[in-house]
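Encoded as structure tokens, the structure appears first; notes follow it.
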Amino acid sequence: METTNHTAVSEFLLLGLTDDPALQPLVFSLFLSMYLVTILGNLLIILAVSSDSHLHTPMYFFLSNLSFNDICMGTTTIPKVLVNIQTQDQSISYTGCFSQTCFVLIFGSLENFLLAAMAYDRFVAICHPLRYTVIMNPCLCVLLCLLCLLLSIVHGLLHTLMLLRLSFCTALEIPHFFCELSQVIKLACSDTLINNLLVYLVSIIFFGVPLSGIIFSYIQIVSSILRIPSVGARYKAFSTCGSHLSVVSLFYGTGFGVYMSSAVTESSMKTAVASIMYMVVPQMLNPFIYSLRNREMKGALRHLISGRPSLGLCHGF
């Protein structure tokens, strides 16, 4: 079958959540509010970590990278939604659609890998506390982040380059608010078997392996905590993992919800709404989870907002 991409394709149409004009202002306000909260919340986390020497540790180094990734994730999709609603134009260029698909995959994968790196950090801190500063040295932390970024770029480019081999005909309407990979593949009028197989295979490797690492880390963490004789010490040890565990549950829980929603319903509206829970909500809530459940972060944010310098010793970063 001919797999050369049709050059006549110049744009796709993003149908969004609704085509009801009466609901457009509500949808616009909803996305704008979530975007502003995401940007402000994650920016505060980054500024708090960088300005407070108490937080110059591996855990907060990974957290600041996660916050920056969340900002990028939201910026990849939401501004285009706002522009389309404001201009009443649902189109997105062919290049723009594929670029958006690529960046969504990159930042989604990076979120996944960073959560795995943070789980490893908690594993070393609790299971090997005496060697923590030796193992989680600044060089290793930077290398882990670079490795996460490299793998994420490979993931995004792999799927995007495979999209370029597909032919697209006349039905170019995407029942979504962004160019989601599976929805774009469905629009192709050429053979998509390789693309679909690649989606499942790569998902097992790029998402299944980090998730397995997170599960293994927490099995070891729980095992170590249960061996601590003091109840107070157990609570203190587990409290250092509470925020990360909440973020992991939110990220993978919403992702599983999107998968189940697309599997059990044919409604594109329900699938799009479910995708908001995966693409937008976790990135918006992550700063609240880490600030509300973390005494050090709350103190750093108070110092940052009040303009008072925070005193303390640097812990390796």
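As shown in the structure tokens, the chain order sets the letters A, B, ...; within each chain, residues go from 1, and ligands are also counted from 1 in the order they appear.
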Using only C-alpha atoms, what does the table of stretch 193-303 of chain A residues within 7 Å of stretch 101-116 of chain A look like, with each row giving the shortest atom pair and its distance in Å to one decimal, sorted by chain and ascending number, as a Markdown table?
| residue | atom | partner | partner_atom | distance |
| --- | --- | --- | --- | --- |
| A:Phe207 | CA | A:Asn112 | CA | 6.8 |
| A:Pro210 | CA | A:Ala116 | CA | 5.5 |
| A:Leu211 | CA | A:Ala116 | CA | 6.9 |
| A:Gly213 | CA | A:Ala116 | CA | 6.5 |
| A:Ile214 | CA | A:Ala116 | CA | 5.5 |
| A:Val248 | CA | A:Leu115 | CA | 6.8 |
Written file, previous selection with N, CA, C and O atoms, as a compact mmCIF listing (two decimals), in the first residue's frame:
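What ended up in selection.txt:
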# COMPACT_ATOMS: atom_id res chain seq x y z
N PHE A 207 6.37 3.38 29.56
CA PHE A 207 5.52 3.66 30.71
C PHE A 207 5.49 2.49 31.68
O PHE A 207 5.46 2.69 32.90
N PRO A 210 9.05 2.32 33.88
CA PRO A 210 9.11 3.27 35.00
C PRO A 210 8.08 2.99 36.08
O PRO A 210 8.38 3.11 37.28
N LEU A 211 6.86 2.60 35.68
CA LEU A 211 5.84 2.28 36.68
C LEU A 211 6.26 1.07 37.52
O LEU A 211 6.06 1.06 38.74
N GLY A 213 9.30 0.27 38.17
CA GLY A 213 10.34 0.77 39.05
C GLY A 213 9.77 1.49 40.26
O GLY A 213 10.28 1.36 41.38
N ILE A 214 8.70 2.27 40.03
CA ILE A 214 8.04 2.97 41.13
C ILE A 214 7.43 1.98 42.11
O ILE A 214 7.57 2.11 43.33
N VAL A 248 1.98 10.49 42.12
CA VAL A 248 2.03 9.27 41.31
C VAL A 248 0.63 8.69 41.13
O VAL A 248 0.23 8.32 40.01
Contacts of A:Ser99 at 12 Å or less, counting only C-alpha atoms, minus same-chain residues fewer than 2 places along, as JSON, numbers by chain? {"A": [76, 77, 92, 93, 94, 95, 96, 97, 101, 102, 103, 104, 105, 106, 156, 157, 159, 160, 161, 163, 164, 178, 179, 180, 181]}
Those residues you just picked out, can you put them in a file as a CSV table (one decimal), in the first residue's frame with N, CA, C and O atoms?
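After the write, selection.csv holds the following:
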chain,number,residue,atom,x,y,z
A,76,THR,N,1.8,23.4,26.0
A,76,THR,CA,1.8,22.7,24.7
A,76,THR,C,0.3,22.7,24.1
A,76,THR,O,0.1,22.7,22.9
A,77,THR,N,-0.7,22.6,25.0
A,77,THR,CA,-2.0,22.4,24.6
A,77,THR,C,-3.0,23.5,24.8
A,77,THR,O,-3.8,23.9,23.9
A,92,ILE,N,-6.0,23.7,13.0
A,92,ILE,CA,-4.6,23.7,13.4
A,92,ILE,C,-3.8,23.2,12.2
A,92,ILE,O,-4.2,22.2,11.5
A,93,SER,N,-2.7,23.8,11.9
A,93,SER,CA,-1.9,23.4,10.7
A,93,SER,C,-1.4,22.0,10.8
A,93,SER,O,-1.3,21.4,11.9
A,94,TYR,N,-1.1,21.4,9.6
A,94,TYR,CA,-0.6,20.1,9.6
A,94,TYR,C,0.7,20.0,10.4
A,94,TYR,O,0.9,19.1,11.2
A,95,THR,N,1.6,20.9,10.2
A,95,THR,CA,2.9,21.0,10.9
A,95,THR,C,2.6,21.2,12.4
A,95,THR,O,3.2,20.6,13.3
A,96,GLY,N,1.7,22.1,12.7
A,96,GLY,CA,1.4,22.4,14.1
A,96,GLY,C,0.8,21.3,14.8
A,96,GLY,O,1.1,21.0,16.0
A,97,CYS,N,0.0,20.5,14.2
A,97,CYS,CA,-0.7,19.3,14.8
A,97,CYS,C,0.4,18.3,15.1
A,97,CYS,O,0.4,17.7,16.2
A,101,THR,N,1.6,17.0,18.8
A,101,THR,CA,1.6,15.6,19.2
A,101,THR,C,3.0,15.2,19.7
A,101,THR,O,3.1,14.5,20.7
A,102,CYS,N,4.0,15.6,19.1
A,102,CYS,CA,5.4,15.3,19.5
A,102,CYS,C,5.7,15.9,20.9
A,102,CYS,O,6.2,15.1,21.8
A,103,PHE,N,5.4,17.1,21.1
A,103,PHE,CA,5.7,17.7,22.4
A,103,PHE,C,4.8,17.2,23.5
A,103,PHE,O,5.3,17.0,24.7
A,104,VAL,N,3.6,16.8,23.2
A,104,VAL,CA,2.7,16.2,24.3
A,104,VAL,C,3.3,14.8,24.7
A,104,VAL,O,3.4,14.5,25.9
A,105,LEU,N,3.8,14.1,23.7
A,105,LEU,CA,4.5,12.8,24.0
A,105,LEU,C,5.8,13.0,24.8
A,105,LEU,O,6.0,12.2,25.7
A,106,ILE,N,6.5,14.0,24.4
A,106,ILE,CA,7.8,14.2,25.1
A,106,ILE,C,7.6,14.6,26.6
A,106,ILE,O,8.1,14.0,27.5
A,156,GLY,N,8.9,10.7,21.8
A,156,GLY,CA,8.1,11.7,21.0
A,156,GLY,C,8.5,11.6,19.5
A,156,GLY,O,7.6,11.6,18.6
A,157,LEU,N,9.8,11.6,19.2
A,157,LEU,CA,10.2,11.6,17.8
A,157,LEU,C,9.9,10.3,17.1
A,157,LEU,O,9.5,10.3,15.9
A,159,HIS,N,7.2,8.3,17.5
A,159,HIS,CA,5.9,8.3,17.1
A,159,HIS,C,5.6,9.3,16.0
A,159,HIS,O,4.8,9.1,15.0
A,160,THR,N,6.2,10.5,16.1
A,160,THR,CA,5.9,11.6,15.2
A,160,THR,C,6.5,11.2,13.8
A,160,THR,O,5.8,11.5,12.8
A,161,LEU,N,7.7,10.7,13.7
A,161,LEU,CA,8.3,10.3,12.5
A,161,LEU,C,7.4,9.1,11.8
A,161,LEU,O,7.3,9.1,10.6
A,163,LEU,N,4.2,8.9,12.1
A,163,LEU,CA,3.0,9.6,11.6
A,163,LEU,C,3.3,10.1,10.2
A,163,LEU,O,2.3,10.2,9.4
A,164,LEU,N,4.5,10.5,9.9
A,164,LEU,CA,4.8,11.2,8.6
A,164,LEU,C,4.6,10.2,7.5
A,164,LEU,O,4.5,10.6,6.3
A,178,PHE,N,-6.8,18.7,21.6
A,178,PHE,CA,-5.5,18.8,21.1
A,178,PHE,C,-5.2,17.6,20.2
A,178,PHE,O,-6.0,16.7,20.1
A,179,CYS,N,-4.1,17.6,19.5
A,179,CYS,CA,-3.8,16.5,18.6
A,179,CYS,C,-3.2,15.3,19.3
A,179,CYS,O,-2.0,15.1,19.5
A,180,GLU,N,-4.1,14.5,19.8
A,180,GLU,CA,-3.8,13.3,20.5
A,180,GLU,C,-3.4,12.2,19.5
A,180,GLU,O,-4.0,12.0,18.5
A,181,LEU,N,-2.3,11.4,19.9
A,181,LEU,CA,-1.7,10.5,18.9
A,181,LEU,C,-2.7,9.5,18.3
A,181,LEU,O,-2.8,9.4,17.1
Atom CA of A:Thr192 to atom CA of A:Leu166, straight-line distance in Å: 7.4 Å
A:Ser67 environment, 10 Å, only C-alpha atoms, sequence neighbours closer than 2 positions dropped, as a JSON list (two decimals) with all heavy atoms, in the first residue's frame:
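Full text of result-v9.json as output:
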[["chain", "number", "residue", "atom", "x", "y", "z"],
["A", 38, "THR", "N", -1.93, 26.58, 36.86],
["A", 38, "THR", "CA", -0.81, 25.69, 36.58],
["A", 38, "THR", "C", 0.50, 26.46, 36.49],
["A", 38, "THR", "O", 1.52, 26.08, 37.09],
["A", 38, "THR", "CB", -1.05, 24.92, 35.26],
["A", 38, "THR", "OG1", -2.23, 24.14, 35.38],
["A", 38, "THR", "CG2", 0.13, 24.02, 34.94],
["A", 39, "ILE", "N", 0.49, 27.57, 35.73],
["A", 39, "ILE", "CA", 1.70, 28.36, 35.55],
["A", 39, "ILE", "C", 2.15, 28.97, 36.88],
["A", 39, "ILE", "O", 3.31, 28.87, 37.28],
["A", 39, "ILE", "CB", 1.47, 29.48, 34.52],
["A", 39, "ILE", "CG1", 1.19, 28.88, 33.13],
["A", 39, "ILE", "CG2", 2.69, 30.41, 34.45],
["A", 39, "ILE", "CD1", 2.33, 28.11, 32.54],
["A", 41, "GLY", "N", 1.28, 28.21, 40.08],
["A", 41, "GLY", "CA", 1.62, 27.25, 41.11],
["A", 41, "GLY", "C", 2.98, 26.62, 40.89],
["A", 41, "GLY", "O", 3.81, 26.56, 41.82],
["A", 42, "ASN", "N", 3.23, 26.16, 39.67],
["A", 42, "ASN", "CA", 4.51, 25.51, 39.40],
["A", 42, "ASN", "C", 5.67, 26.50, 39.38],
["A", 42, "ASN", "O", 6.80, 26.15, 39.77],
["A", 42, "ASN", "CB", 4.43, 24.76, 38.06],
["A", 42, "ASN", "CG", 3.63, 23.48, 38.15],
["A", 42, "ASN", "OD1", 4.07, 22.49, 38.73],
["A", 42, "ASN", "ND2", 2.44, 23.48, 37.59],
["A", 43, "LEU", "N", 5.41, 27.74, 38.95],
["A", 43, "LEU", "CA", 6.46, 28.76, 38.98],
["A", 43, "LEU", "C", 6.86, 29.09, 40.42],
["A", 43, "LEU", "O", 8.04, 29.27, 40.72],
["A", 43, "LEU", "CB", 5.98, 30.01, 38.25],
["A", 43, "LEU", "CG", 7.03, 31.10, 38.00],
["A", 43, "LEU", "CD1", 8.18, 30.54, 37.18],
["A", 43, "LEU", "CD2", 6.40, 32.30, 37.31],
["A", 44, "LEU", "N", 5.87, 29.12, 41.31],
["A", 44, "LEU", "CA", 6.16, 29.36, 42.72],
["A", 44, "LEU", "C", 7.02, 28.24, 43.31],
["A", 44, "LEU", "O", 7.91, 28.48, 44.12],
["A", 44, "LEU", "CB", 4.87, 29.51, 43.51],
["A", 44, "LEU", "CG", 4.12, 30.84, 43.37],
["A", 44, "LEU", "CD1", 2.78, 30.80, 44.09],
["A", 44, "LEU", "CD2", 4.98, 31.99, 43.90],
["A", 45, "ILE", "N", 6.71, 27.00, 42.92],
["A", 45, "ILE", "CA", 7.51, 25.86, 43.38],
["A", 45, "ILE", "C", 8.96, 26.01, 42.94],
["A", 45, "ILE", "O", 9.91, 25.84, 43.73],
["A", 45, "ILE", "CB", 6.93, 24.54, 42.87],
["A", 45, "ILE", "CG1", 5.56, 24.25, 43.48],
["A", 45, "ILE", "CG2", 7.90, 23.38, 43.15],
["A", 45, "ILE", "CD1", 5.58, 23.95, 44.95],
["A", 46, "ILE", "N", 9.17, 26.36, 41.66],
["A", 46, "ILE", "CA", 10.53, 26.51, 41.12],
["A", 46, "ILE", "C", 11.27, 27.63, 41.84],
["A", 46, "ILE", "O", 12.44, 27.48, 42.24],
["A", 46, "ILE", "CB", 10.48, 26.79, 39.61],
["A", 46, "ILE", "CG1", 9.92, 25.57, 38.87],
["A", 46, "ILE", "CG2", 11.86, 27.13, 39.07],
["A", 46, "ILE", "CD1", 9.66, 25.82, 37.39],
["A", 62, "PHE", "N", 14.55, 17.33, 41.72],
["A", 62, "PHE", "CA", 13.63, 16.62, 40.82],
["A", 62, "PHE", "C", 12.26, 17.30, 40.80],
["A", 62, "PHE", "O", 11.61, 17.37, 39.75],
["A", 62, "PHE", "CB", 13.48, 15.17, 41.24],
["A", 62, "PHE", "CG", 14.70, 14.33, 41.00],
["A", 62, "PHE", "CD1", 15.30, 13.63, 42.05],
["A", 62, "PHE", "CD2", 15.27, 14.23, 39.74],
["A", 62, "PHE", "CE1", 16.42, 12.85, 41.83],
["A", 62, "PHE", "CE2", 16.39, 13.45, 39.52],
["A", 62, "PHE", "CZ", 16.98, 12.76, 40.57],
["A", 63, "LEU", "N", 11.82, 17.80, 41.94],
["A", 63, "LEU", "CA", 10.52, 18.47, 42.01],
["A", 63, "LEU", "C", 10.49, 19.73, 41.15],
["A", 63, "LEU", "O", 9.50, 19.99, 40.46],
["A", 63, "LEU", "CB", 10.18, 18.82, 43.46],
["A", 63, "LEU", "CG", 8.89, 19.62, 43.68],
["A", 63, "LEU", "CD1", 7.68, 18.86, 43.14],
["A", 63, "LEU", "CD2", 8.71, 19.95, 45.15],
["A", 64, "SER", "N", 11.56, 20.51, 41.18],
["A", 64, "SER", "CA", 11.61, 21.72, 40.36],
["A", 64, "SER", "C", 11.60, 21.38, 38.88],
["A", 64, "SER", "O", 10.98, 22.08, 38.06],
["A", 64, "SER", "CB", 12.84, 22.56, 40.71],
["A", 64, "SER", "OG", 14.04, 21.84, 40.49],
["A", 65, "ASN", "N", 12.27, 20.28, 38.51],
["A", 65, "ASN", "CA", 12.23, 19.83, 37.11],
["A", 65, "ASN", "C", 10.83, 19.35, 36.74],
["A", 65, "ASN", "O", 10.36, 19.59, 35.61],
["A", 65, "ASN", "CB", 13.24, 18.70, 36.90],
["A", 65, "ASN", "CG", 14.66, 19.21, 36.72],
["A", 65, "ASN", "OD1", 15.08, 19.56, 35.63],
["A", 65, "ASN", "ND2", 15.41, 19.24, 37.81],
["A", 69, "ASN", "N", 8.41, 20.93, 33.86],
["A", 69, "ASN", "CA", 7.79, 20.06, 32.86],
["A", 69, "ASN", "C", 6.27, 20.25, 32.83],
["A", 69, "ASN", "O", 5.65, 20.24, 31.75],
["A", 69, "ASN", "CB", 8.12, 18.60, 33.15],
["A", 69, "ASN", "CG", 7.56, 17.65, 32.11],
["A", 69, "ASN", "OD1", 8.02, 17.57, 30.99],
["A", 69, "ASN", "ND2", 6.52, 16.90, 32.50],
["A", 70, "ASP", "N", 5.66, 20.44, 34.00],
["A", 70, "ASP", "CA", 4.22, 20.66, 34.06],
["A", 70, "ASP", "C", 3.83, 21.96, 33.36],
["A", 70, "ASP", "O", 2.78, 22.05, 32.71],
["A", 70, "ASP", "CB", 3.75, 20.69, 35.52],
["A", 70, "ASP", "CG", 3.75, 19.31, 36.15],
["A", 70, "ASP", "OD1", 3.78, 18.32, 35.40],
["A", 70, "ASP", "OD2", 3.72, 19.22, 37.39],
["A", 71, "ILE", "N", 4.66, 22.99, 33.50],
["A", 71, "ILE", "CA", 4.42, 24.25, 32.80],
["A", 71, "ILE", "C", 4.47, 24.03, 31.30],
["A", 71, "ILE", "O", 3.61, 24.51, 30.55],
["A", 71, "ILE", "CB", 5.44, 25.32, 33.24],
["A", 71, "ILE", "CG1", 5.20, 25.73, 34.69],
["A", 71, "ILE", "CG2", 5.36, 26.55, 32.33],
["A", 71, "ILE", "CD1", 6.24, 26.69, 35.24],
["A", 72, "CYS", "N", 5.49, 23.30, 30.85],
["A", 72, "CYS", "CA", 5.63, 23.02, 29.42],
["A", 72, "CYS", "C", 4.46, 22.18, 28.91],
["A", 72, "CYS", "O", 3.97, 22.41, 27.79],
["A", 72, "CYS", "CB", 6.94, 22.29, 29.16],
["A", 72, "CYS", "SG", 8.42, 23.27, 29.52],
["A", 73, "MET", "N", 4.02, 21.23, 29.70],
["A", 73, "MET", "CA", 2.92, 20.35, 29.32],
["A", 73, "MET", "C", 1.65, 21.16, 29.08],
["A", 73, "MET", "O", 0.96, 20.99, 28.06],
["A", 73, "MET", "CB", 2.69, 19.32, 30.42],
["A", 73, "MET", "CG", 1.68, 18.24, 30.06],
["A", 73, "MET", "SD", 2.36, 17.04, 28.91],
["A", 73, "MET", "CE", 1.27, 15.67, 29.21],
["A", 111, "GLU", "N", 7.33, 13.46, 32.37],
["A", 111, "GLU", "CA", 6.63, 13.40, 33.66],
["A", 111, "GLU", "C", 6.74, 11.99, 34.26],
["A", 111, "GLU", "O", 7.01, 11.81, 35.45],
["A", 111, "GLU", "CB", 5.16, 13.78, 33.47],
["A", 111, "GLU", "CG", 4.35, 13.82, 34.74],
["A", 111, "GLU", "CD", 4.02, 15.23, 35.17],
["A", 111, "GLU", "OE1", 4.45, 16.18, 34.50],
["A", 111, "GLU", "OE2", 3.33, 15.37, 36.18],
["A", 283, "GLN", "N", -1.18, 18.41, 36.41],
["A", 283, "GLN", "CA", -0.19, 19.48, 36.36],
["A", 283, "GLN", "C", -0.64, 20.69, 37.19],
["A", 283, "GLN", "O", 0.18, 21.42, 37.73],
["A", 283, "GLN", "CB", 0.04, 19.92, 34.91],
["A", 283, "GLN", "CG", 0.80, 18.92, 34.06],
["A", 283, "GLN", "CD", -0.01, 17.69, 33.71],
["A", 283, "GLN", "OE1", -1.23, 17.76, 33.58],
["A", 283, "GLN", "NE2", 0.65, 16.56, 33.54],
["A", 284, "MET", "N", -1.94, 20.88, 37.29],
["A", 284, "MET", "CA", -2.48, 21.99, 38.08],
["A", 284, "MET", "C", -2.44, 21.68, 39.57],
["A", 284, "MET", "O", -2.18, 22.57, 40.40],
["A", 284, "MET", "CB", -3.92, 22.28, 37.64],
["A", 284, "MET", "CG", -4.59, 23.41, 38.40],
["A", 284, "MET", "SD", -6.29, 23.69, 37.87],
["A", 284, "MET", "CE", -7.08, 22.17, 38.42],
["A", 286, "ASN", "N", -0.43, 19.37, 41.20],
["A", 286, "ASN", "CA", 0.86, 18.97, 41.77],
["A", 286, "ASN", "C", 1.45, 20.00, 42.74],
["A", 286, "ASN", "O", 1.92, 19.63, 43.82],
["A", 286, "ASN", "CB", 1.86, 18.67, 40.65],
["A", 286, "ASN", "CG", 1.61, 17.33, 39.98],
["A", 286, "ASN", "OD1", 0.77, 16.56, 40.43],
["A", 286, "ASN", "ND2", 2.32, 17.06, 38.90],
["A", 287, "PRO", "N", 1.45, 21.30, 42.40],
["A", 287, "PRO", "CA", 1.99, 22.28, 43.36],
["A", 287, "PRO", "C", 1.23, 22.30, 44.67],
["A", 287, "PRO", "O", 1.83, 22.47, 45.74],
["A", 287, "PRO", "CB", 1.85, 23.62, 42.61],
["A", 287, "PRO", "CG", 1.80, 23.25, 41.17],
["A", 287, "PRO", "CD", 1.08, 21.94, 41.13]]
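Shortest separation to A:Ile215 among A:Ala119, A:Leu285, A:Leu17, A:Cys189 occurs at residue A:Ala119, atoms counted being only C-alpha atoms.
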Stretch 13-236 of chain A: which residues are alpha helix (DSSP H) by DSSP, as number ranges by chain? A: 24-51, 58-87, 94-127, 132-135, 138-163, 181-186, 193-203, 209-226, 231-236
Who sits within 8 Å of stretch 28-37 of chain A, only C-alpha atoms, same chain under 6 positions skipped, as an NGL selection string: :A and (74-75 or 78 or 81-82 or 85-86 or 280-281 or 284)
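Across the structure, atom CA of A:Ile153 and atom CA of A:Thr254 are spaced 22.8 Å apart.
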Atom CA of A:Cys148 to atom CA of A:Ser239, straight-line distance in Å: 25.9 Å
